[in-house]
$ cat entry-v8.txt   # compact mmCIF, C-alpha atoms and all ligand atoms
# COMPACT_ATOMS: atom_id res chain seq x y z
CA MET A 1 3.44 14.97 33.41
CA GLY A 2 0.34 12.87 32.83
CA ARG A 3 -0.63 10.82 29.82
CA THR A 4 -0.07 12.01 26.28
CA ILE A 5 -2.12 10.57 23.44
CA LEU A 6 -1.17 11.14 19.81
CA PHE A 7 -3.97 10.72 17.26
CA VAL A 8 -2.58 10.55 13.74
CA HIS A 9 -3.34 9.29 10.24
CA GLY A 10 -1.64 6.03 9.22
CA ASP A 11 0.06 7.37 6.06
CA SER A 12 3.57 8.80 5.87
CA ASP A 13 2.46 12.36 6.67
CA GLY A 14 0.57 11.18 9.76
CA VAL A 15 3.31 8.79 10.88
CA VAL A 16 5.95 11.53 10.58
CA SER A 17 3.78 14.07 12.43
CA GLY A 18 3.34 11.50 15.20
CA SER A 19 7.05 10.74 15.39
CA LEU A 20 7.96 14.45 15.71
CA ALA A 21 5.38 14.89 18.48
CA LEU A 22 6.57 11.71 20.22
CA HIS A 23 10.13 13.03 20.32
CA VAL A 24 8.96 16.39 21.67
CA TYR A 25 6.81 14.92 24.43
CA ARG A 26 9.57 12.50 25.47
CA LEU A 27 12.00 15.44 25.66
CA LYS A 28 9.45 17.23 27.83
CA GLY A 29 9.54 14.31 30.22
CA SER A 30 6.44 12.36 29.23
CA THR A 31 6.87 8.71 30.11
CA ASP A 32 3.43 7.61 29.00
CA VAL A 33 2.90 8.53 25.35
CA ARG A 34 0.43 6.46 23.32
CA ILE A 35 -0.10 6.48 19.58
CA VAL A 36 -3.56 5.96 18.11
CA PHE A 37 -4.03 5.71 14.34
CA THR A 38 -7.35 7.17 13.31
CA HIS A 39 -9.26 8.77 10.41
CA PRO A 40 -11.85 11.56 9.99
CA ALA A 41 -14.93 9.39 10.54
CA GLY A 42 -13.41 7.74 13.62
CA LEU A 43 -11.85 10.77 15.32
CA THR A 44 -14.62 11.55 17.81
CA SER A 45 -15.15 7.97 18.94
CA ASP A 46 -11.40 7.36 19.21
CA LEU A 47 -10.92 10.58 21.18
CA ALA A 48 -13.61 9.57 23.63
CA GLU A 49 -12.31 6.01 23.87
CA PHE A 50 -8.56 6.56 24.19
CA ALA A 51 -8.17 9.96 25.88
CA CYS A 52 -9.52 11.31 29.14
CA PRO A 53 -10.12 14.97 29.96
CA GLY A 54 -6.87 16.12 31.60
CA ASP A 55 -4.61 14.23 29.18
CA THR A 56 -2.36 15.94 26.68
CA VAL A 57 -3.98 15.32 23.30
CA PHE A 58 -2.15 15.83 20.01
CA ILE A 59 -4.05 15.33 16.75
CA ALA A 60 -2.41 15.58 13.32
CA ASP A 61 -3.36 14.99 9.70
CA ILE A 62 -7.00 14.14 10.46
CA ALA A 63 -9.64 16.13 8.55
CA LEU A 64 -12.73 17.31 10.43
CA SER A 65 -15.73 15.36 9.22
CA GLU A 66 -18.96 17.23 8.54
CA ALA A 67 -20.93 14.44 10.16
CA HIS A 68 -19.42 15.00 13.61
CA LEU A 69 -18.91 18.74 13.94
CA ASP A 70 -21.01 19.21 17.10
CA GLU A 71 -19.24 16.35 18.86
CA ILE A 72 -15.84 17.67 17.75
CA GLU A 73 -16.64 21.13 19.14
CA ALA A 74 -17.74 19.69 22.46
CA LEU A 75 -14.76 17.32 22.78
CA PHE A 76 -12.19 19.98 21.83
CA LYS A 77 -13.71 22.30 24.42
CA GLU A 78 -13.62 19.70 27.18
CA TYR A 79 -10.12 18.37 26.43
CA SER A 80 -8.53 21.80 26.01
CA ARG A 81 -10.09 23.19 29.19
CA ARG A 82 -9.12 20.28 31.41
CA GLY A 83 -5.82 19.39 29.74
CA THR A 84 -3.97 20.37 26.58
CA LEU A 85 -5.22 19.83 23.05
CA ILE A 86 -3.23 20.53 19.90
CA TYR A 87 -4.82 20.01 16.50
CA ILE A 88 -2.64 20.30 13.38
CA ASP A 89 -4.14 19.73 9.95
CA HIS A 90 -3.99 20.73 6.31
CA HIS A 91 -7.18 19.29 4.82
CA PRO A 92 -9.80 21.69 3.45
CA GLU A 93 -12.05 22.92 6.22
CA PRO A 94 -15.48 21.32 6.55
CA LEU A 95 -18.63 23.16 5.50
CA GLY A 96 -20.07 25.06 8.43
CA LEU A 97 -17.02 25.28 10.67
CA LYS A 98 -13.80 27.28 10.75
CA PRO A 99 -11.14 25.13 12.46
CA GLY A 100 -9.75 28.32 14.04
CA ASP A 101 -13.01 28.76 15.96
CA LEU A 102 -12.45 25.51 17.86
CA GLU A 103 -11.02 25.61 21.35
CA GLY A 104 -7.47 24.39 21.87
CA ILE A 105 -4.24 25.09 20.01
CA ILE A 106 -5.35 24.93 16.38
CA ILE A 107 -2.95 25.02 13.44
CA HIS A 108 -4.72 24.75 10.11
CA ASP A 109 -3.07 25.53 6.79
CA THR A 110 -3.96 23.84 3.49
CA SER A 111 -0.76 24.90 1.77
CA ALA A 112 1.63 22.58 3.65
CA SER A 113 1.76 18.99 4.93
CA ALA A 114 0.87 18.16 8.52
CA SER A 115 4.53 17.09 8.93
CA GLU A 116 5.80 20.53 7.94
CA LEU A 117 3.25 22.26 10.19
CA THR A 118 4.14 19.99 13.12
CA TYR A 119 7.86 20.54 12.64
CA ARG A 120 7.47 24.29 12.41
CA TYR A 121 5.29 24.36 15.52
CA PHE A 122 7.87 22.43 17.57
CA GLU A 123 10.97 23.69 15.70
CA GLU A 124 12.80 25.12 18.70
CA ILE A 125 12.48 21.90 20.66
CA LEU A 126 13.23 19.60 17.73
CA GLY A 127 16.30 21.33 16.32
CA TRP A 128 17.23 21.52 12.64
CA GLU A 129 18.31 17.88 12.24
CA TYR A 130 14.71 16.75 12.64
CA SER A 131 13.79 18.78 9.57
CA ARG A 132 14.71 15.77 7.45
CA VAL A 133 12.06 13.66 9.17
CA ALA A 134 9.49 16.35 8.38
CA LEU A 135 10.67 16.33 4.77
CA TYR A 136 9.79 12.63 4.40
CA GLY A 137 6.20 13.41 5.41
CA ALA A 138 5.96 16.46 3.14
CA ILE A 139 7.21 14.44 0.17
CA GLY A 140 4.78 11.65 1.04
CA ASP A 141 1.86 14.04 0.68
CA TYR A 142 3.32 15.58 -2.53
CA LEU A 143 3.66 18.88 -0.67
CA ASP A 144 7.36 19.20 -1.39
CA THR A 145 7.44 22.57 -3.16
CA THR A 146 6.43 24.83 -0.27
CA PRO A 147 8.86 27.67 0.56
CA TRP A 148 9.83 25.88 3.79
CA VAL A 149 10.57 22.55 2.05
CA LEU A 150 12.64 24.20 -0.70
CA ASP A 151 14.60 26.12 1.89
CA VAL A 152 15.26 23.17 4.22
CA LEU A 153 16.16 20.79 1.39
CA ARG A 154 19.27 22.87 0.85
CA ASN A 155 20.60 21.59 4.19
CA TRP A 156 20.43 17.99 3.03
CA ASP A 157 21.42 15.84 0.11
CA LYS A 158 18.21 15.88 -1.90
CA ARG A 159 18.73 12.44 -3.47
CA THR A 160 19.18 10.78 -0.09
CA ILE A 161 16.12 12.51 1.34
CA TYR A 162 13.94 11.40 -1.60
CA PHE A 163 15.28 7.86 -1.36
CA GLU A 164 14.45 7.69 2.35
CA ALA A 165 11.04 9.31 1.80
CA GLY A 166 10.36 6.73 -0.91
CA VAL A 167 11.25 3.86 1.43
CA LEU A 168 8.97 5.27 4.11
CA CYS A 169 5.97 5.93 1.83
CA GLN A 170 6.23 2.69 -0.11
CA GLY A 171 6.89 0.70 3.05
CA LEU A 172 3.85 2.16 4.80
CA GLU A 173 1.66 1.64 1.74
CA GLY A 174 2.62 -2.00 1.99
CA SER A 175 1.65 -2.13 5.68
CA ARG A 176 -2.01 -1.17 5.70
CA ARG A 177 -3.83 -1.86 8.96
CA MET A 178 -0.60 -3.14 10.56
CA TYR A 179 -0.89 -0.70 13.42
CA ASP A 180 1.70 -2.26 15.72
CA PHE A 181 4.26 -2.16 12.96
CA LYS A 182 3.36 1.47 12.21
CA ARG A 183 3.81 2.32 15.89
CA HIS A 184 7.26 0.80 15.62
CA VAL A 185 7.97 3.05 12.60
CA VAL A 186 6.85 6.09 14.62
CA GLU A 187 9.29 5.11 17.41
CA HIS A 188 12.09 4.57 14.88
CA LEU A 189 11.57 7.96 13.19
CA SER A 190 11.20 9.73 16.54
CA MET A 191 14.89 8.97 17.07
CA ASN A 192 15.71 10.46 13.65
CA LYS A 193 16.86 7.05 12.38
CA LEU A 194 16.75 6.43 8.65
CA PRO A 195 13.70 4.65 7.18
CA SER A 196 16.08 2.43 5.17
CA GLY A 197 17.65 1.36 8.47
CA LEU A 198 14.47 -0.49 9.38
CA SER A 199 14.83 -3.68 7.37
CA GLU A 200 11.17 -4.68 7.62
CA LEU A 201 10.15 -1.31 6.18
CA LEU A 202 12.74 -1.56 3.42
CA VAL A 203 11.56 -5.03 2.39
CA ARG A 204 7.93 -3.92 2.37
CA ALA A 205 8.88 -0.93 0.22
CA LEU A 206 10.60 -3.19 -2.30
CA ILE A 207 7.61 -5.53 -2.48
CA GLU A 208 5.29 -2.55 -2.85
CA SER A 209 7.33 -1.24 -5.77
CA VAL A 210 7.10 -4.58 -7.59
CA ASN A 211 3.34 -4.62 -6.95
CA ASP A 212 3.02 -1.04 -8.19
CA GLU A 213 4.64 -1.93 -11.46
CA GLU A 214 2.13 -4.78 -11.91
CA LEU A 215 -0.68 -2.40 -11.00
CA ARG A 216 0.50 0.15 -13.53
CA THR A 217 0.48 -2.35 -16.40
CA TRP A 218 -2.87 -3.75 -15.23
CA VAL A 219 -4.43 -0.27 -15.30
CA SER A 220 -2.94 0.44 -18.74
CA ARG A 221 -4.86 -2.61 -20.03
CA ASN A 222 -8.08 -2.31 -18.01
CA ALA A 223 -8.90 1.41 -17.81
CA HIS A 224 -12.33 2.40 -19.12
CA THR A 225 -12.72 5.83 -20.61
CA MET A 226 -15.63 8.26 -20.45
CA GLU A 227 -15.67 11.69 -22.00
CA ASN A 228 -13.73 13.40 -19.20
CA LEU A 229 -12.52 10.64 -16.96
CA GLY A 230 -10.76 7.32 -16.92
CA TYR A 231 -11.62 4.64 -14.36
CA VAL A 232 -10.87 1.12 -13.18
CA VAL A 233 -12.84 -1.21 -10.94
CA SER A 234 -11.22 -3.61 -8.45
CA PRO A 235 -7.57 -2.90 -9.28
CA PRO A 236 -5.04 -5.37 -7.82
CA GLY A 237 -3.42 -2.84 -5.47
CA SER A 238 -3.56 0.68 -4.03
CA LEU A 239 -6.69 2.59 -5.05
CA GLY A 240 -4.91 5.94 -4.96
CA LYS A 241 -2.16 4.82 -7.29
CA ALA A 242 -4.63 3.03 -9.59
CA ALA A 243 -6.60 6.30 -9.82
CA LEU A 244 -3.42 8.18 -10.76
CA TYR A 245 -2.55 5.63 -13.46
CA ALA A 246 -6.16 5.70 -14.71
CA ARG A 247 -5.82 9.45 -15.19
CA ILE A 248 -2.48 9.14 -16.95
CA TYR A 249 -3.36 6.23 -19.25
CA SER A 250 -6.80 7.56 -20.16
CA GLY A 251 -5.35 10.99 -20.97
CA LYS A 252 -8.36 12.54 -19.20
CA PRO A 253 -8.31 15.22 -16.50
CA ILE A 254 -9.64 12.83 -13.87
CA GLY A 255 -8.72 9.26 -12.96
CA LEU A 256 -10.75 7.09 -10.64
CA ALA A 257 -10.38 3.66 -9.02
CA ALA A 258 -13.22 1.85 -7.24
CA GLN A 259 -13.33 -1.15 -4.97
CA ARG A 260 -16.45 -2.86 -3.65
CA HIS A 261 -16.75 -3.02 0.11
CA ARG A 262 -20.01 -4.28 1.65
CA GLY A 263 -22.83 -2.19 0.11
CA PHE A 264 -20.53 0.52 -1.19
CA TYR A 265 -17.81 1.36 -3.62
CA ASN A 266 -14.76 2.91 -2.00
CA ILE A 267 -13.37 5.29 -4.55
CA SER A 268 -10.08 7.13 -4.98
CA ILE A 269 -9.87 10.01 -7.43
CA ARG A 270 -6.95 11.99 -8.84
CA ALA A 271 -7.19 15.15 -10.93
CA ILE A 272 -4.97 17.52 -12.83
CA LYS A 273 -4.38 21.04 -11.53
CA GLY A 274 -7.29 23.42 -12.02
CA ILE A 275 -9.92 21.00 -10.74
CA ASP A 276 -11.13 21.08 -7.14
CA LEU A 277 -12.15 17.50 -6.39
CA ASN A 278 -12.92 18.32 -2.78
CA LYS A 279 -15.56 20.83 -3.78
CA LEU A 280 -16.95 18.66 -6.59
CA LEU A 281 -17.28 15.56 -4.44
CA ARG A 282 -18.78 17.22 -1.40
CA ASP A 283 -21.53 18.38 -3.72
CA ILE A 284 -22.03 15.31 -5.96
CA ALA A 285 -21.62 12.54 -3.39
CA VAL A 286 -24.36 13.70 -1.03
CA ARG A 287 -26.82 13.96 -3.90
CA ILE A 288 -26.60 10.20 -4.33
CA GLU A 289 -26.47 9.11 -0.69
CA GLY A 290 -22.68 8.93 -0.57
CA THR A 291 -19.86 10.84 1.08
CA GLY A 292 -16.78 12.37 -0.49
CA GLY A 293 -14.04 14.95 -0.21
CA GLY A 294 -10.32 15.40 0.37
CA HIS A 295 -7.74 17.56 -1.34
CA PRO A 296 -8.24 19.48 -4.61
CA GLN A 297 -6.22 17.00 -6.69
CA ALA A 298 -6.53 13.85 -4.57
CA ALA A 299 -9.78 12.84 -2.96
CA GLY A 300 -12.03 9.92 -2.12
CA ALA A 301 -15.68 8.96 -2.02
CA ARG A 302 -17.96 6.23 -0.73
CA ILE A 303 -20.94 5.57 -2.99
CA PRO A 304 -23.76 3.00 -2.68
CA ILE A 305 -23.21 0.21 -5.21
CA HIS A 306 -26.48 0.74 -7.07
CA ARG A 307 -25.67 4.41 -7.66
CA PHE A 308 -22.11 4.01 -8.94
CA ARG A 309 -23.05 4.47 -12.63
CA GLU A 310 -25.01 7.58 -11.78
CA PHE A 311 -22.02 8.89 -9.83
CA LEU A 312 -19.69 8.37 -12.79
CA THR A 313 -22.08 10.13 -15.16
CA LEU A 314 -22.61 13.05 -12.80
CA LEU A 315 -18.88 13.49 -12.26
CA ASP A 316 -18.14 13.16 -15.98
CA ARG A 317 -20.69 15.86 -16.81
CA THR A 318 -19.58 18.21 -14.06
CA ILE A 319 -15.97 18.18 -15.25
CA GLN A 320 -17.10 19.37 -18.67
CA LYS A 321 -17.51 22.79 -17.12
CA TYR A 322 -13.79 22.92 -16.46
CA ASP A 323 -11.26 24.25 -18.90
CA LYS A 324 -9.39 21.26 -20.23
CA VAL A 325 -6.32 23.08 -21.48
CA GLY A 326 -4.14 21.44 -18.84
CA LYS A 327 -5.08 17.96 -20.05
CA SER A 328 -2.56 15.21 -19.45
CA SER A 329 -0.03 15.20 -22.26
CA ILE A 330 0.51 11.45 -22.24
CA ALA A 331 -1.44 9.82 -25.03
CA THR A 332 -3.95 7.06 -24.37
CA ALA A 333 -2.16 3.73 -24.33
MN MN B 401 -1.51 14.73 5.14

$ encode --input "entry-v8.txt" --output "structure tokens"
Amino acid sequence: MGRTILFVHGDSDGVVSGSLALHVYRLKGSTDVRIVFTHPAGLTSDLAEFACPGDTVFIADIALSEAHLDEIEALFKEYSRRGTLIYIDHHPEPLGLKPGDLEGIIIHDTSASASELTYRYFEEILGWEYSRVALYGAIGDYLDTTPWVLDVLRNWDKRTIYFEAGVLCQGLEGSRRMYDFKRHVVEHLSMNKLPSGLSELLVRALIESVNDEELRTWVSRNAHTMENLGYVVSPPGSLGKAALYARIYSGKPIGLAAQRHRGFYNISIRAIKGIDLNKLLRDIAVRIEGTGGGHPQAAGARIPIHRFREFLTLLDRTIQKYDKVGKSSIATA
């Protein structure tokens, strides 16, 4: 068997998907398996840089970016014809392309985590004991109420699984950009060892939890409120979590956290059920020279600094159209 390259996202869902695939390819006799952490905007360049036609390519938890659809089509065609290409994802499909039309083995389903989809694809090779690894990834992406997850959870002690998933997610959140460490976590999980058994991960998870608690109180004191959304700028910690706390403490249907980076604001957004952030952002962001998208209730955007105010106003007005019956029940702090 030749080279196998795994392209995965660096969060818990991506790390778990990678670890399941790593175990499978090792069982199949692969001695040269490499792990590359990537993201939607970097997928095409990373594919071209790290894989050669003829390799076995496995991609999981990476959305297809509208900006690179032609390149993606061409690369998938080349890699699947000359070698093997498997693409597993659960992000909403891009405008103008049905993932199923791409060449290669394509598994695309927005109702489950990439971890669940990867496990189910390789289930016969992995065996049932690896289902717990997949559960960590599903919980990490908040996709823990699918029929498969509810069914499989019955084979495990739920409290232990959630504890281990918590260690993994919190530990990885506290290890951003530490790709060698994340590769080590992939190796560890590929042997079905417990996340809590990796002391470095456990310590990082504990530190992350202390930081989260500080972040939560910071957001409760610093959240600004507009008519339909709450937001914070430059929170001292994870943007995603700050956005969630901004939603909760503002009592509005949408929470947003922004951080300046070069000429842009990187923005994380969280919404209550009934709002489709992915749709909203794909529309609003391009109107003001930005990009945006993600999941219906958890998404991100990149907006030029001088248009940030305009972005907030546009978003605030657009949400007015939504029914606000499901409004967060927690009162404004
Ligand atoms: Mn995911």

$ closest_atom_pairs --input "entry-v8.txt" --of "chain A" --to "ligand MN 401 (chain B)" --cutoff "7 Å" --atoms "all atoms listed in the file" --output "CSV"
residue,atom,partner,partner_atom,distance
A:Asp13,CA,B:MN401,MN,4.9
A:Gly14,CA,B:MN401,MN,6.2
A:Asp61,CA,B:MN401,MN,4.9
A:His90,CA,B:MN401,MN,6.6
A:Ser113,CA,B:MN401,MN,5.4
A:Ala114,CA,B:MN401,MN,5.4
A:Asp141,CA,B:MN401,MN,5.6

$ residues_around --input "entry-v8.txt" --residues "A:Thr56" --least-positions-apart "6" --cutoff "10 Å" --atoms "all atoms listed in the file" --output "MDAnalysis selection string"
chainID A and resid 1:6 25 30 33 79:80 82:86

$ closest_residue --input "entry-v8.txt" --among "A:Glu78, A:Glu208, A:Glu129, A:Asp144" --to "A:Ser175" --atoms "only C-alpha atoms"
A:Glu208

$ closest_residue --input "entry-v8.txt" --among "A:Ser250, A:Thr118, A:Ser17, A:Ser65" --to "A:Leu95" --atoms "all atoms listed in the file"
A:Ser65

$ atom_distance --input "entry-v8.txt" --atom1 "atom CA of A:Pro147" --atom2 "atom CA of A:Ser111"
10.1 Å

$ atom_distance --input "entry-v8.txt" --atom1 "atom CA of A:His108" --atom2 "atom CA of A:Pro92"
8.9 Å

$ decode --input "entry-v8.txt" --residues "stretch 117-233 of chain A" --atoms "C-alpha atoms" --output "short mmCIF file (atom, residue, chain, number, x, y, z; two decimals), in the first residue's frame"
data_model
loop_
_atom_site.label_atom_id
_atom_site.label_comp_id
_atom_site.auth_asym_id
_atom_site.auth_seq_id
_atom_site.Cartn_x
_atom_site.Cartn_y
_atom_site.Cartn_z
CA LEU A 117 -20.32 9.50 9.47
CA THR A 118 -16.72 8.26 9.49
CA TYR A 119 -17.46 5.59 12.09
CA ARG A 120 -20.51 4.37 10.22
CA TYR A 121 -18.59 4.24 6.95
CA PHE A 122 -15.81 2.11 8.48
CA GLU A 123 -17.98 0.34 11.09
CA GLU A 124 -17.21 -3.22 10.04
CA ILE A 125 -13.47 -2.65 10.20
CA LEU A 126 -13.54 -0.61 13.41
CA GLY A 127 -15.79 -2.81 15.52
CA TRP A 128 -18.26 -1.58 18.13
CA GLU A 129 -15.70 -0.56 20.77
CA TYR A 130 -14.55 2.31 18.57
CA SER A 131 -18.06 3.74 18.71
CA ARG A 132 -17.06 5.53 21.90
CA VAL A 133 -14.33 7.43 20.08
CA ALA A 134 -16.91 8.54 17.51
CA LEU A 135 -19.18 9.65 20.35
CA TYR A 136 -16.54 12.10 21.63
CA GLY A 137 -16.49 13.79 18.23
CA ALA A 138 -20.29 13.87 17.93
CA ILE A 139 -20.60 15.45 21.38
CA GLY A 140 -17.87 17.94 20.48
CA ASP A 141 -19.94 19.20 17.56
CA TYR A 142 -23.16 19.22 19.66
CA LEU A 143 -24.55 16.52 17.35
CA ASP A 144 -25.28 14.11 20.16
CA THR A 145 -29.00 13.54 19.66
CA THR A 146 -28.93 11.73 16.32
CA PRO A 147 -30.62 8.29 16.25
CA TRP A 148 -27.20 6.63 15.94
CA VAL A 149 -25.72 8.48 18.94
CA LEU A 150 -28.74 7.76 21.16
CA ASP A 151 -28.60 4.11 20.19
CA VAL A 152 -24.85 3.66 20.70
CA LEU A 153 -24.79 5.58 23.99
CA ARG A 154 -26.76 2.72 25.49
CA ASN A 155 -23.66 0.51 25.14
CA TRP A 156 -21.61 2.83 27.32
CA ASP A 157 -21.79 4.63 30.61
CA LYS A 158 -23.07 8.00 29.49
CA ARG A 159 -21.40 9.98 32.30
CA THR A 160 -17.98 8.55 31.48
CA ILE A 161 -18.40 9.23 27.78
CA TYR A 162 -19.39 12.87 28.41
CA PHE A 163 -16.50 13.32 30.83
CA GLU A 164 -14.02 11.98 28.26
CA ALA A 165 -15.61 14.03 25.47
CA GLY A 166 -15.32 17.11 27.68
CA VAL A 167 -11.62 16.45 28.31
CA LEU A 168 -11.01 16.04 24.59
CA CYS A 169 -12.95 19.14 23.48
CA GLN A 170 -11.66 21.42 26.23
CA GLY A 171 -8.12 20.10 25.84
CA LEU A 172 -8.14 20.71 22.09
CA GLU A 173 -9.66 24.17 22.51
CA GLY A 174 -6.68 24.92 24.70
CA SER A 175 -4.24 23.69 22.03
CA ARG A 176 -4.96 25.90 19.05
CA ARG A 177 -2.36 25.75 16.29
CA MET A 178 -0.37 23.12 18.22
CA TYR A 179 -0.45 20.72 15.31
CA ASP A 180 2.19 18.29 16.54
CA PHE A 181 0.36 17.89 19.80
CA LYS A 182 -2.92 17.36 17.93
CA ARG A 183 -1.26 14.68 15.80
CA HIS A 184 -0.26 13.00 19.05
CA VAL A 185 -3.92 13.14 20.19
CA VAL A 186 -5.00 11.54 16.89
CA GLU A 187 -2.49 8.70 17.48
CA HIS A 188 -3.68 8.28 21.08
CA LEU A 189 -7.37 8.09 20.11
CA SER A 190 -6.63 5.78 17.18
CA MET A 191 -5.72 3.17 19.78
CA ASN A 192 -9.04 3.78 21.57
CA LYS A 193 -7.21 5.12 24.64
CA LEU A 194 -9.08 7.48 26.93
CA PRO A 195 -8.61 11.24 26.45
CA SER A 196 -8.17 11.58 30.23
CA GLY A 197 -5.27 9.13 29.97
CA LEU A 198 -3.24 11.73 28.10
CA SER A 199 -2.04 13.95 30.93
CA GLU A 200 -1.09 16.89 28.72
CA LEU A 201 -4.60 16.93 27.27
CA LEU A 202 -6.17 16.67 30.71
CA VAL A 203 -4.12 19.58 32.06
CA ARG A 204 -4.97 21.72 29.05
CA ALA A 205 -8.65 20.90 29.54
CA LEU A 206 -8.50 22.01 33.17
CA ILE A 207 -6.79 25.28 32.27
CA GLU A 208 -9.31 25.85 29.50
CA SER A 209 -12.19 25.39 31.94
CA VAL A 210 -10.74 27.98 34.33
CA ASN A 211 -10.30 30.37 31.38
CA ASP A 212 -13.86 29.71 30.21
CA GLU A 213 -15.23 30.69 33.56
CA GLU A 214 -13.30 33.98 33.38
CA LEU A 215 -14.55 34.48 29.84
CA ARG A 216 -18.13 33.89 30.90
CA THR A 217 -18.01 36.54 33.63
CA TRP A 218 -16.17 38.94 31.29
CA VAL A 219 -18.90 38.58 28.65
CA SER A 220 -21.63 39.06 31.28
CA ARG A 221 -20.08 42.47 32.06
CA ASN A 222 -19.01 43.56 28.57
CA ALA A 223 -21.77 42.43 26.19
CA HIS A 224 -23.35 45.18 24.08
CA THR A 225 -26.95 44.77 23.07
CA MET A 226 -28.72 45.73 19.86
CA GLU A 227 -32.36 45.10 19.12
CA ASN A 228 -31.92 41.45 18.13
CA LEU A 229 -28.38 40.56 18.98
CA GLY A 230 -25.78 40.72 21.70
CA TYR A 231 -22.08 41.12 20.90
CA VAL A 232 -18.61 41.47 22.38
CA VAL A 233 -15.38 42.70 20.83
#
